[in-house]
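Okay, coords.cif is below, mmCIF, C-alpha atoms (C1' of nucleotides):
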data_work
loop_
_atom_site.label_atom_id
_atom_site.label_comp_id
_atom_site.auth_asym_id
_atom_site.auth_seq_id
_atom_site.Cartn_x
_atom_site.Cartn_y
_atom_site.Cartn_z
CA MET J 3 17.07 -9.48 19.67
CA ALA J 4 14.09 -7.70 18.22
CA ALA J 5 11.07 -9.65 17.03
CA THR J 6 10.68 -9.84 13.30
CA TYR J 7 7.54 -10.21 11.26
CA MET J 8 7.58 -11.84 7.87
CA ALA J 9 5.00 -10.86 5.26
CA ASP J 10 5.17 -11.09 1.50
CA GLY J 11 8.65 -12.54 1.76
CA ASP J 12 10.05 -9.51 3.56
CA LEU J 13 11.00 -9.02 7.17
CA PHE J 14 9.67 -6.12 9.21
CA THR J 15 10.38 -4.95 12.72
CA CYS J 16 6.94 -3.36 12.95
CA PRO J 17 3.90 -5.66 12.81
CA VAL J 18 1.71 -2.88 11.42
CA GLU J 19 4.07 -2.38 8.49
CA ALA J 20 4.09 -6.11 7.91
CA THR J 21 0.31 -6.24 7.91
CA THR J 22 -0.04 -3.24 5.59
CA SER J 23 2.43 -4.83 3.21
CA LEU J 24 -0.28 -7.43 2.70
CA ILE J 25 -3.47 -5.38 2.92
CA GLY J 26 -1.88 -2.54 1.01
CA LYS J 27 -1.86 -4.50 -2.25
CA LYS J 28 -4.48 -2.92 -4.41
CA TRP J 29 -6.95 -5.79 -4.69
CA VAL J 30 -6.30 -7.68 -1.48
CA PRO J 31 -9.11 -6.13 0.59
CA THR J 32 -11.56 -6.75 -2.22
CA ILE J 33 -10.36 -10.33 -2.63
CA MET J 34 -10.60 -10.99 1.09
CA MET J 35 -14.08 -9.55 1.41
CA THR J 36 -15.27 -11.51 -1.59
CA LEU J 37 -13.81 -14.80 -0.37
CA ALA J 38 -15.18 -14.14 3.11
CA ASP J 39 -18.64 -14.73 1.69
CA GLN J 40 -17.87 -18.03 0.03
CA PRO J 41 -15.19 -19.88 -1.95
CA TYR J 42 -14.79 -18.76 -5.55
CA ARG J 43 -13.29 -20.32 -8.61
CA PHE J 44 -10.66 -18.26 -10.42
CA GLU J 45 -12.83 -17.04 -13.24
CA ALA J 46 -15.76 -16.26 -10.95
CA LEU J 47 -13.52 -14.30 -8.62
CA HIS J 48 -12.00 -12.50 -11.56
CA SER J 49 -15.39 -11.47 -12.86
CA THR J 50 -16.28 -9.76 -9.57
CA MET J 51 -13.51 -7.16 -9.84
CA ALA J 52 -11.68 -5.03 -12.37
CA ALA J 53 -8.24 -6.50 -11.70
CA SER J 54 -6.40 -8.17 -14.57
CA LYS J 55 -5.87 -11.94 -14.37
CA LYS J 56 -2.17 -11.43 -13.90
CA VAL J 57 -2.51 -9.11 -10.92
CA LEU J 58 -5.30 -11.18 -9.39
CA LYS J 59 -3.15 -14.29 -9.59
CA GLN J 60 -0.14 -12.45 -8.16
CA GLN J 61 -2.03 -11.19 -5.15
CA LEU J 62 -3.71 -14.53 -4.58
CA ASP J 63 -0.26 -16.11 -4.55
CA VAL J 64 0.91 -13.63 -1.93
CA LEU J 65 -2.12 -14.45 0.21
CA ILE J 66 -1.52 -18.17 -0.23
CA ALA J 67 2.17 -17.82 0.63
CA ASN J 68 1.19 -16.03 3.81
CA GLY J 69 -1.42 -18.57 4.76
CA LEU J 70 -4.47 -16.36 4.37
CA VAL J 71 -5.97 -18.13 1.38
CA HIS J 72 -6.18 -21.77 0.43
CA ASN J 73 -6.25 -23.05 -3.13
CA ASP J 74 -7.94 -26.33 -3.93
CA LYS J 75 -7.41 -27.84 -7.38
CA GLN J 76 -9.24 -30.81 -8.86
CA GLN J 77 -9.04 -32.52 -12.22
CA ARG J 78 -12.32 -33.18 -13.95
CA ASP J 79 -13.02 -33.89 -17.61
CA ASN J 80 -9.71 -32.53 -18.88
CA GLN J 81 -10.45 -29.34 -16.92
CA VAL J 82 -8.93 -27.92 -13.77
CA ILE J 83 -11.34 -26.83 -11.05
CA SER J 84 -9.43 -24.23 -9.05
CA SER J 85 -11.18 -22.99 -5.95
CA TYR J 86 -10.00 -20.28 -3.56
CA SER J 87 -11.13 -19.87 0.02
CA LEU J 88 -10.04 -18.16 3.23
CA THR J 89 -8.01 -20.05 5.81
CA ALA J 90 -8.49 -19.60 9.55
CA GLN J 91 -5.72 -17.00 9.52
CA GLY J 92 -7.41 -15.21 6.67
CA THR J 93 -10.72 -15.24 8.49
CA ALA J 94 -8.98 -13.81 11.54
CA LEU J 95 -8.01 -10.80 9.47
CA MET J 96 -11.58 -9.99 8.48
CA PRO J 97 -12.45 -8.01 11.64
CA VAL J 98 -9.49 -5.76 10.87
CA ILE J 99 -10.66 -5.22 7.31
CA PHE J 100 -14.17 -4.52 8.52
CA ALA J 101 -12.78 -2.03 11.00
CA MET J 102 -11.07 -0.27 8.09
CA LYS J 103 -14.31 -0.33 6.17
CA GLU J 104 -16.15 1.14 9.13
CA TRP J 105 -13.64 3.93 9.57
CA GLY J 106 -13.61 4.68 5.84
CA THR J 107 -17.36 4.78 5.73
CA GLN J 108 -17.61 7.16 8.66
CA HIS J 109 -14.75 9.47 7.81
CA LEU J 110 -14.28 9.45 4.05
CA VAL J 111 -17.79 9.46 2.58
CA CYS J 112 -18.24 11.90 -0.25
CA ASP J 113 -21.18 12.48 -2.52
CA ALA J 114 -21.05 12.27 -6.31
CA SER J 115 -19.98 15.90 -6.70
CA GLY J 116 -16.88 15.21 -4.67
CA SER J 117 -17.72 17.38 -1.67
CA ARG J 118 -17.51 15.73 1.69
CA SER J 119 -20.91 15.06 3.19
CA GLU J 120 -21.81 15.43 6.84
CA VAL J 121 -21.55 12.34 9.01
CA MET A 20 -25.72 6.73 -7.37
CA ALA A 21 -23.02 4.81 -5.58
CA ALA A 22 -21.32 6.33 -2.59
CA THR A 23 -17.78 7.50 -3.21
CA TYR A 24 -14.92 7.76 -0.78
CA MET A 25 -12.16 10.29 -1.26
CA ALA A 26 -8.72 9.58 0.12
CA ASP A 27 -5.37 10.92 -0.97
CA GLY A 28 -7.07 12.93 -3.68
CA ASP A 29 -8.56 9.89 -5.38
CA LEU A 30 -12.11 8.59 -5.42
CA PHE A 31 -12.93 5.00 -4.51
CA THR A 32 -16.14 3.04 -4.53
CA CYS A 33 -14.84 0.75 -1.78
CA PRO A 34 -14.16 2.30 1.63
CA VAL A 35 -11.55 -0.35 2.44
CA GLU A 36 -9.57 0.54 -0.65
CA ALA A 37 -9.83 4.20 0.27
CA THR A 38 -8.58 3.50 3.78
CA THR A 39 -5.70 1.31 2.58
CA SER A 40 -4.68 4.04 0.15
CA LEU A 41 -3.85 6.02 3.29
CA ILE A 42 -2.57 3.36 5.69
CA GLY A 43 -0.75 1.59 2.87
CA LYS A 44 1.79 4.39 2.56
CA LYS A 45 5.01 3.02 3.88
CA TRP A 46 5.50 5.27 6.92
CA VAL A 47 1.93 6.23 7.74
CA PRO A 48 1.34 3.57 10.42
CA THR A 49 4.62 4.48 12.09
CA ILE A 50 3.82 8.18 11.91
CA MET A 51 0.36 7.65 13.36
CA MET A 52 1.57 5.49 16.22
CA THR A 53 4.31 7.95 17.06
CA LEU A 54 2.00 10.96 17.02
CA ALA A 55 -0.58 9.04 19.03
CA ASP A 56 1.77 9.31 21.99
CA GLN A 57 2.35 13.03 21.79
CA PRO A 58 2.85 15.89 19.31
CA TYR A 59 6.24 16.00 17.62
CA ARG A 60 8.20 18.67 15.84
CA PHE A 61 9.38 17.81 12.34
CA GLU A 62 12.96 17.04 13.19
CA ALA A 63 12.03 15.05 16.29
CA LEU A 64 9.55 12.99 14.33
CA HIS A 65 12.10 12.49 11.58
CA SER A 66 14.67 11.21 14.05
CA THR A 67 12.33 8.46 15.27
CA MET A 68 12.19 6.70 11.90
CA ALA A 69 14.33 5.84 8.89
CA ALA A 70 12.22 7.72 6.36
CA SER A 71 13.85 10.50 4.38
CA LYS A 72 12.67 14.05 5.01
CA LYS A 73 11.06 14.19 1.61
CA VAL A 74 8.97 11.08 2.09
CA LEU A 75 8.10 12.00 5.66
CA LYS A 76 6.87 15.41 4.54
CA GLN A 77 4.91 13.87 1.65
CA GLN A 78 3.07 11.43 3.85
CA LEU A 79 2.44 14.04 6.52
CA ASP A 80 0.89 16.23 3.82
CA VAL A 81 -1.38 13.38 2.75
CA LEU A 82 -2.47 12.90 6.35
CA ILE A 83 -3.06 16.62 6.76
CA ALA A 84 -5.04 16.81 3.51
CA ASN A 85 -7.24 14.01 4.76
CA GLY A 86 -7.75 15.56 8.16
CA LEU A 87 -5.87 12.97 10.19
CA VAL A 88 -3.01 15.19 11.27
CA HIS A 89 -2.82 18.84 12.26
CA ASN A 90 0.19 21.06 11.71
CA ASP A 91 0.82 24.00 13.99
CA LYS A 92 3.49 26.51 12.98
CA GLN A 93 4.86 29.32 15.08
CA GLN A 94 7.54 31.96 14.48
CA ARG A 95 10.11 32.36 17.22
CA ASP A 96 13.56 33.96 17.04
CA ASN A 97 13.84 33.73 13.25
CA GLN A 98 12.97 30.04 13.56
CA VAL A 99 9.87 28.12 12.63
CA ILE A 100 8.41 25.83 15.27
CA SER A 101 6.47 23.21 13.33
CA SER A 102 4.47 20.80 15.42
CA TYR A 103 2.46 17.82 14.22
CA SER A 104 -0.35 16.13 16.14
CA LEU A 105 -3.30 13.84 15.52
CA THR A 106 -6.77 15.25 14.92
CA ALA A 107 -9.92 13.62 16.26
CA GLN A 108 -10.30 11.79 12.93
CA GLY A 109 -6.74 10.61 13.19
CA THR A 110 -7.27 9.40 16.73
CA ALA A 111 -10.35 7.55 15.53
CA LEU A 112 -8.13 5.55 13.18
CA MET A 113 -5.84 4.33 15.94
CA PRO A 114 -8.01 1.38 17.01
CA VAL A 115 -7.84 0.13 13.44
CA ILE A 116 -4.07 0.44 13.39
CA PHE A 117 -3.83 -1.33 16.72
CA ALA A 118 -6.06 -4.09 15.37
CA MET A 119 -3.61 -4.49 12.50
CA LYS A 120 -0.76 -4.55 14.98
CA GLU A 121 -2.51 -7.20 17.02
CA TRP A 122 -3.18 -9.39 14.00
CA GLY A 123 0.37 -8.99 12.73
CA THR A 124 1.78 -9.85 16.13
CA GLN A 125 -0.33 -12.97 16.45
CA HIS A 126 -0.03 -14.28 12.91
CA LEU A 127 3.25 -13.05 11.48
CA VAL A 128 5.77 -13.36 14.31
CA CYS A 129 9.04 -14.94 13.26
CA ASP A 130 12.23 -15.41 15.18
CA ALA A 131 15.61 -14.13 14.06
CA SER A 132 16.33 -17.23 12.01
CA GLY A 133 13.30 -16.54 9.90
CA SER A 134 11.28 -19.60 10.87
CA ARG A 135 7.77 -18.97 12.02
CA SER A 136 7.33 -19.48 15.74
CA GLU A 137 4.34 -21.11 17.38
CA VAL A 138 1.57 -18.79 18.51
"C1'" DC C 16 15.14 23.78 12.04
"C1'" DA C 17 11.97 22.83 8.33
"C1'" DG C 18 11.65 22.14 4.32
"C1'" DA C 19 12.15 22.32 -1.36
"C1'" DA C 20 14.38 20.77 -5.65
"C1'" DT C 21 16.38 17.12 -8.35
"C1'" DC C 22 17.54 12.84 -9.94
"C1'" DC C 23 17.17 7.95 -9.96
"C1'" DT C 24 15.47 3.23 -9.52
"C1'" DA C 25 12.42 -0.53 -8.25
"C1'" DT C 26 8.08 -2.37 -8.64
"C1'" DG C 27 3.24 -2.44 -8.82
"C1'" DT C 28 -0.20 -2.42 -12.08
"C1'" DG C 29 -2.50 -2.53 -16.62
"C1'" DA C 30 -3.26 -4.22 -21.47
"C1'" DT C 31 -2.85 -7.66 -24.55
"C1'" DA C 32 -2.01 -12.00 -26.47
"C1'" DC C 33 -0.94 -16.81 -26.00
"C1'" DT C 34 -1.21 -21.87 -23.97
"C1'" DG C 35 -2.71 -26.56 -22.11
"C1'" DC L 27 -11.17 -22.63 -17.49
"C1'" DA L 28 -6.91 -21.25 -15.37
"C1'" DG L 29 -3.48 -19.48 -15.96
"C1'" DT L 30 1.67 -17.51 -18.52
"C1'" DA L 31 4.29 -14.38 -21.12
"C1'" DT L 32 5.41 -9.75 -22.67
"C1'" DC L 33 5.46 -5.05 -22.95
"C1'" DA L 34 4.65 -0.61 -21.32
"C1'" DC L 35 3.92 2.81 -17.79
"C1'" DA L 36 3.09 5.58 -13.64
"C1'" DT L 37 4.51 6.40 -9.29
"C1'" DA L 38 6.40 5.54 -4.72
"C1'" DG L 39 10.31 5.80 -2.35
"C1'" DG L 40 15.42 6.75 -1.58
"C1'" DA L 41 19.79 9.66 -1.91
"C1'" DT L 42 21.59 13.96 -2.26
"C1'" DT L 43 21.97 18.80 -2.39
"C1'" DC L 44 20.29 23.45 -1.56
"C1'" DT L 45 17.64 27.33 0.92
"C1'" DG L 46 15.50 30.81 4.31
#

Produce structure tokens that represent the structure in this file.
Amino acid sequence: MAATYMADGDLFTCPVEATTSLIGKKWVPTIMMTLADQPYRFEALHSTMAASKKVLKQQLDVLIANGLVHNDKQQRDNQVISSYSLTAQGTALMPVIFAMKEWGTQHLVCDASGSRSEV
Amino acid sequence: MAATYMADGDLFTCPVEATTSLIGKKWVPTIMMTLADQPYRFEALHSTMAASKKVLKQQLDVLIANGLVHNDKQQRDNQVISSYSLTAQGTALMPVIFAMKEWGTQHLVCDASGSRSEV
DNA sequence: CAGAATCCTATGTGATACTG
DNA sequence: CAGTATCACATAGGATTCTG
């Protein structure tokens, strides 16, 4: 029996595929890197990136469902205080994301004119 | 002027996004890990995975355009010998892919019944 | 063998407006 | 503030067939 890896509600036989099914979502790396700094409330997080509220919420839900992000809600003065932060699992993924950043920086840098610059 | 990162023909301001735009393609991790072992001819590579020829060719082209994969073609006996292998840039991405594999293995492993097993 | 050419469908994402 | 609800769209991926 082959090992299976569940991510985003789907089952994969390859752990890399499973991991990319999470990181591959358009705003997930940005969300993760932002939350790695500090917890953010929904609106504050939203204002740091160009994603729509709908998509941001969707991808946050995926991260929550997979145990990478934790959502803490509190009632106060007829208002909901919704705060998002990384879990231990989420934090464990950061070195991977930073490795991707490092590779991208070293191998994909282009200048404003679009021509690849020397590394 | 902000640095820009070109991947898959698009420009990104975030290197992680640029990198995921490559790795995020469904079969790219599989292709990379397979070619990391040894060069493969098109048909041989195709037979190792469930991707259709069209999609396999598409994603190989993306990898070639971004300098991760090299394609060597030779004529022999009215037949084309098309061989694909990793470039130095492509090889440089392998540690990242292995890091993703490691994380996926440690944090996403499930058994056949679908319940998450202890790590 | 190594692909190119079509057609088709799911879904990821964006824009906008509305709600408690 | 923290979402939901729609609509609308581009594109990624799959299935199939055809070619040199």

Residue IDs satisfying the PyMOL selection byres ((chain A and resi 29) around 12), as a list in words
Leu110, Cys112 and Gly116 of chain J; Thr23, Tyr24, Met25, Ala26, Asp27, Gly28, Leu30, Phe31, Thr32, Cys33, Pro34, Glu36, Ala37, Thr38, Ser40, Leu41, Val81, Ala84 and Asn85 of chain A

Could you write out as number ranges by chain the residues of chain C within 10 Å of chain A, counting only C-alpha atoms (C1' of nucleotides)?
C: 16-19

Sort by chain and increasing residue number a table of all residues of chain L within 10 Å of chain J, each with its closest pair of atoms and their distance in Å to one decimal, counting all atoms listed in the file, and write it as CSV.
residue,atom,partner,partner_atom,distance
L:DC27,C1',J:Gln81,CA,6.8
L:DA28,C1',J:Phe44,CA,6.9
L:DG29,C1',J:Lys55,CA,8.1
L:DT30,C1',J:Lys56,CA,8.5

Would you mind exporting C-alpha atoms (C1' of nucleotides) of the selected residues as a CSV table (one decimal), in the frame of the given file?
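Output (part_28.csv):
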chain,number,residue,atom,x,y,z
L,27,DC,C1',-11.2,-22.6,-17.5
L,28,DA,C1',-6.9,-21.2,-15.4
L,29,DG,C1',-3.5,-19.5,-16.0
L,30,DT,C1',1.7,-17.5,-18.5

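Closest approach to chain A from the set J:Leu88, J:Val98, J:Ala52, J:Leu37 is made by J:Val98, with distances taken over only C-alpha atoms.
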
Under the PyMOL selection byres ((chain A and resi 50) around 9), which residues of this model are included? Write them out as a CSV table (one decimal) with C-alpha atoms, in the frame of the given file.
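After the write, part15.csv holds the following:
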chain,number,residue,atom,x,y,z
A,46,TRP,CA,5.5,5.3,6.9
A,47,VAL,CA,1.9,6.2,7.7
A,48,PRO,CA,1.3,3.6,10.4
A,49,THR,CA,4.6,4.5,12.1
A,51,MET,CA,0.4,7.6,13.4
A,52,MET,CA,1.6,5.5,16.2
A,53,THR,CA,4.3,8.0,17.1
A,54,LEU,CA,2.0,11.0,17.0
A,55,ALA,CA,-0.6,9.0,19.0
A,64,LEU,CA,9.6,13.0,14.3
A,68,MET,CA,12.2,6.7,11.9
A,75,LEU,CA,8.1,12.0,5.7
A,78,GLN,CA,3.1,11.4,3.8
A,79,LEU,CA,2.4,14.0,6.5

List the residues selected by the PyMOL selection byres ((chain L and resi 32-42) around 10) in the file shown, writing them as an mmCIF file with C-alpha atoms (C1' of nucleotides), in the coordinates of the input.
data_model
loop_
_atom_site.group_PDB
_atom_site.id
_atom_site.type_symbol
_atom_site.label_atom_id
_atom_site.label_comp_id
_atom_site.auth_asym_id
_atom_site.auth_seq_id
_atom_site.Cartn_x
_atom_site.Cartn_y
_atom_site.Cartn_z
ATOM 1 C CA LYS A 44 1.790 4.390 2.560
ATOM 2 C CA LYS A 45 5.010 3.020 3.880
ATOM 3 C CA ALA A 70 12.220 7.720 6.360
ATOM 4 C CA SER A 71 13.850 10.500 4.380
ATOM 5 C CA LYS A 73 11.060 14.190 1.610
ATOM 6 C CA VAL A 74 8.970 11.080 2.090
ATOM 7 C "C1'" DT C 21 16.380 17.120 -8.350
ATOM 8 C "C1'" DC C 22 17.540 12.840 -9.940
ATOM 9 C "C1'" DC C 23 17.170 7.950 -9.960
ATOM 10 C "C1'" DT C 24 15.470 3.230 -9.520
ATOM 11 C "C1'" DA C 25 12.420 -0.530 -8.250
ATOM 12 C "C1'" DT C 26 8.080 -2.370 -8.640
ATOM 13 C "C1'" DG C 27 3.240 -2.440 -8.820
ATOM 14 C "C1'" DT C 28 -0.200 -2.420 -12.080
ATOM 15 C "C1'" DG C 29 -2.500 -2.530 -16.620
ATOM 16 C "C1'" DA C 30 -3.260 -4.220 -21.470
ATOM 17 C "C1'" DT C 31 -2.850 -7.660 -24.550
ATOM 18 C "C1'" DA C 32 -2.010 -12.000 -26.470
ATOM 19 C "C1'" DT L 30 1.670 -17.510 -18.520
ATOM 20 C "C1'" DA L 31 4.290 -14.380 -21.120
ATOM 21 C "C1'" DT L 43 21.970 18.800 -2.390
ATOM 22 C "C1'" DC L 44 20.290 23.450 -1.560
#

Distance criterion (all atoms listed in the file): nearest to chain J out of A:Thr39, A:Gln94, A:Gln77, A:Ser104:
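Of A:Thr39, A:Gln94, A:Gln77, A:Ser104, the one nearest chain J is A:Thr39, counting all atoms listed in the file.
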
Determine the nearest neighbour of chain J from the options A:His65, A:His89, A:Arg95, A:Lys120, counting all atoms listed in the file.
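Among the listed residues, A:Lys120 lies closest to chain J.
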
When you draw a straight line from atom CA of Leu112 of chain A to atom CA of Gly92 of chain J, how long is it in Å?
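Separation between atom CA of Leu112 of chain A and atom CA of Gly92 of chain J: 21.8 Å.
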
One number please: atom CA of Gly69 of chain J to atom CA of Gln91 of chain J, in Å, one decimal.
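These atoms are spaced 6.6 Å apart.
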
I need the residue nearest chain J from this list: A:Pro58, A:Ser102, A:Phe117, A:Lys92. Use all atoms listed in the file for the distance.
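Once distances to chain J are computed over all atoms listed in the file, the minimum belongs to A:Phe117.
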
Atomic distance atom CA of Asn90 of chain A - atom CA of Thr67 of chain A, expressed in Å with one decimal
17.9 Å

Could you model N, CA and C atoms for segment 20-53 of chain J and present them as a PDB file, in the coordinates of the input?
ATOM      1  N   ALA J  20       4.201  -4.782   8.504  1.00  0.00           N
ATOM      2  CA  ALA J  20       4.090  -6.110   7.910  1.00  0.00           C
ATOM      3  C   ALA J  20       2.669  -6.378   7.443  1.00  0.00           C
ATOM      4  N   THR J  21       1.713  -6.008   8.270  1.00  0.00           N
ATOM      5  CA  THR J  21       0.310  -6.240   7.910  1.00  0.00           C
ATOM      6  C   THR J  21      -0.109  -5.365   6.730  1.00  0.00           C
ATOM      7  N   THR J  22       0.315  -4.101   6.716  1.00  0.00           N
ATOM      8  CA  THR J  22      -0.040  -3.240   5.590  1.00  0.00           C
ATOM      9  C   THR J  22       0.629  -3.690   4.305  1.00  0.00           C
ATOM     10  N   SER J  23       1.778  -4.353   4.429  1.00  0.00           N
ATOM     11  CA  SER J  23       2.430  -4.830   3.210  1.00  0.00           C
ATOM     12  C   SER J  23       1.566  -5.883   2.531  1.00  0.00           C
ATOM     13  N   LEU J  24       0.663  -6.485   3.278  1.00  0.00           N
ATOM     14  CA  LEU J  24      -0.280  -7.430   2.700  1.00  0.00           C
ATOM     15  C   LEU J  24      -1.560  -6.716   2.264  1.00  0.00           C
ATOM     16  N   ILE J  25      -2.194  -6.030   3.213  1.00  0.00           N
ATOM     17  CA  ILE J  25      -3.470  -5.380   2.920  1.00  0.00           C
ATOM     18  C   ILE J  25      -3.311  -4.252   1.917  1.00  0.00           C
ATOM     19  N   GLY J  26      -2.105  -3.671   1.880  1.00  0.00           N
ATOM     20  CA  GLY J  26      -1.880  -2.540   1.010  1.00  0.00           C
ATOM     21  C   GLY J  26      -1.945  -2.859  -0.471  1.00  0.00           C
ATOM     22  N   LYS J  27      -1.757  -4.129  -0.834  1.00  0.00           N
ATOM     23  CA  LYS J  27      -1.860  -4.500  -2.250  1.00  0.00           C
ATOM     24  C   LYS J  27      -3.242  -4.113  -2.744  1.00  0.00           C
ATOM     25  N   LYS J  28      -3.262  -3.557  -3.909  1.00  0.00           N
ATOM     26  CA  LYS J  28      -4.480  -2.920  -4.410  1.00  0.00           C
ATOM     27  C   LYS J  28      -5.753  -3.743  -4.301  1.00  0.00           C
ATOM     28  N   TRP J  29      -5.704  -5.027  -4.628  1.00  0.00           N
ATOM     29  CA  TRP J  29      -6.950  -5.790  -4.690  1.00  0.00           C
ATOM     30  C   TRP J  29      -7.163  -6.720  -3.505  1.00  0.00           C
ATOM     31  N   VAL J  30      -6.206  -6.745  -2.598  1.00  0.00           N
ATOM     32  CA  VAL J  30      -6.300  -7.680  -1.480  1.00  0.00           C
ATOM     33  C   VAL J  30      -7.547  -7.500  -0.610  1.00  0.00           C
ATOM     34  N   PRO J  31      -7.890  -6.279  -0.213  1.00  0.00           N
ATOM     35  CA  PRO J  31      -9.110  -6.130   0.590  1.00  0.00           C
ATOM     36  C   PRO J  31     -10.342  -6.634  -0.144  1.00  0.00           C
ATOM     37  N   THR J  32     -10.425  -6.297  -1.415  1.00  0.00           N
ATOM     38  CA  THR J  32     -11.560  -6.750  -2.220  1.00  0.00           C
ATOM     39  C   THR J  32     -11.598  -8.269  -2.310  1.00  0.00           C
ATOM     40  N   ILE J  33     -10.445  -8.870  -2.557  1.00  0.00           N
ATOM     41  CA  ILE J  33     -10.360 -10.330  -2.630  1.00  0.00           C
ATOM     42  C   ILE J  33     -10.805 -10.944  -1.320  1.00  0.00           C
ATOM     43  N   MET J  34     -10.285 -10.429  -0.225  1.00  0.00           N
ATOM     44  CA  MET J  34     -10.600 -10.990   1.090  1.00  0.00           C
ATOM     45  C   MET J  34     -12.090 -10.885   1.396  1.00  0.00           C
ATOM     46  N   MET J  35     -12.666  -9.725   1.110  1.00  0.00           N
ATOM     47  CA  MET J  35     -14.080  -9.550   1.410  1.00  0.00           C
ATOM     48  C   MET J  35     -14.959 -10.438   0.542  1.00  0.00           C
ATOM     49  N   THR J  36     -14.508 -10.644  -0.692  1.00  0.00           N
ATOM     50  CA  THR J  36     -15.270 -11.510  -1.590  1.00  0.00           C
ATOM     51  C   THR J  36     -15.202 -12.963  -1.126  1.00  0.00           C
ATOM     52  N   LEU J  37     -13.979 -13.409  -0.804  1.00  0.00           N
ATOM     53  CA  LEU J  37     -13.810 -14.800  -0.370  1.00  0.00           C
ATOM     54  C   LEU J  37     -14.403 -15.048   1.021  1.00  0.00           C
ATOM     55  N   ALA J  38     -14.602 -13.980   1.775  1.00  0.00           N
ATOM     56  CA  ALA J  38     -15.180 -14.140   3.110  1.00  0.00           C
ATOM     57  C   ALA J  38     -16.620 -14.647   3.010  1.00  0.00           C
ATOM     58  N   ASP J  39     -17.272 -14.276   1.921  1.00  0.00           N
ATOM     59  CA  ASP J  39     -18.640 -14.730   1.690  1.00  0.00           C
ATOM     60  C   ASP J  39     -18.698 -16.219   1.422  1.00  0.00           C
ATOM     61  N   GLN J  40     -17.862 -16.644   0.475  1.00  0.00           N
ATOM     62  CA  GLN J  40     -17.870 -18.030   0.030  1.00  0.00           C
ATOM     63  C   GLN J  40     -16.643 -18.286  -0.836  1.00  0.00           C
ATOM     64  N   PRO J  41     -16.287 -19.547  -1.034  1.00  0.00           N
ATOM     65  CA  PRO J  41     -15.190 -19.880  -1.950  1.00  0.00           C
ATOM     66  C   PRO J  41     -15.569 -19.481  -3.379  1.00  0.00           C
ATOM     67  N   TYR J  42     -14.566 -19.131  -4.148  1.00  0.00           N
ATOM     68  CA  TYR J  42     -14.790 -18.760  -5.550  1.00  0.00           C
ATOM     69  C   TYR J  42     -13.801 -19.498  -6.437  1.00  0.00           C
ATOM     70  N   ARG J  43     -14.212 -19.823  -7.612  1.00  0.00           N
ATOM     71  CA  ARG J  43     -13.290 -20.320  -8.610  1.00  0.00           C
ATOM     72  C   ARG J  43     -12.620 -19.127  -9.261  1.00  0.00           C
ATOM     73  N   PHE J  44     -11.475 -19.375  -9.911  1.00  0.00           N
ATOM     74  CA  PHE J  44     -10.660 -18.260 -10.420  1.00  0.00           C
ATOM     75  C   PHE J  44     -11.459 -17.313 -11.319  1.00  0.00           C
ATOM     76  N   GLU J  45     -12.108 -17.869 -12.284  1.00  0.00           N
ATOM     77  CA  GLU J  45     -12.830 -17.040 -13.240  1.00  0.00           C
ATOM     78  C   GLU J  45     -13.960 -16.268 -12.564  1.00  0.00           C
ATOM     79  N   ALA J  46     -14.656 -16.923 -11.655  1.00  0.00           N
ATOM     80  CA  ALA J  46     -15.760 -16.260 -10.950  1.00  0.00           C
ATOM     81  C   ALA J  46     -15.239 -15.100 -10.107  1.00  0.00           C
ATOM     82  N   LEU J  47     -14.128 -15.351  -9.435  1.00  0.00           N
ATOM     83  CA  LEU J  47     -13.520 -14.300  -8.620  1.00  0.00           C
ATOM     84  C   LEU J  47     -13.075 -13.141  -9.491  1.00  0.00           C
ATOM     85  N   HIS J  48     -12.472 -13.501 -10.617  1.00  0.00           N
ATOM     86  CA  HIS J  48     -12.000 -12.500 -11.560  1.00  0.00           C
ATOM     87  C   HIS J  48     -13.130 -11.609 -12.062  1.00  0.00           C
ATOM     88  N   SER J  49     -14.273 -12.222 -12.284  1.00  0.00           N
ATOM     89  CA  SER J  49     -15.390 -11.470 -12.860  1.00  0.00           C
ATOM     90  C   SER J  49     -16.026 -10.514 -11.847  1.00  0.00           C
ATOM     91  N   THR J  50     -15.684 -10.662 -10.563  1.00  0.00           N
ATOM     92  CA  THR J  50     -16.280  -9.760  -9.570  1.00  0.00           C
ATOM     93  C   THR J  50     -15.503  -8.454  -9.430  1.00  0.00           C
ATOM     94  N   MET J  51     -14.310  -8.386 -10.017  1.00  0.00           N
ATOM     95  CA  MET J  51     -13.510  -7.160  -9.840  1.00  0.00           C
ATOM     96  C   MET J  51     -12.774  -6.783 -11.107  1.00  0.00           C
ATOM     97  N   ALA J  52     -12.284  -5.567 -11.155  1.00  0.00           N
ATOM     98  CA  ALA J  52     -11.680  -5.030 -12.370  1.00  0.00           C
ATOM     99  C   ALA J  52     -10.193  -5.356 -12.503  1.00  0.00           C
ATOM    100  N   ALA J  53      -9.653  -6.159 -11.611  1.00  0.00           N
ATOM    101  CA  ALA J  53      -8.240  -6.500 -11.700  1.00  0.00           C
ATOM    102  C   ALA J  53      -7.976  -7.384 -12.913  1.00  0.00           C
TER     103      ALA J  53
END
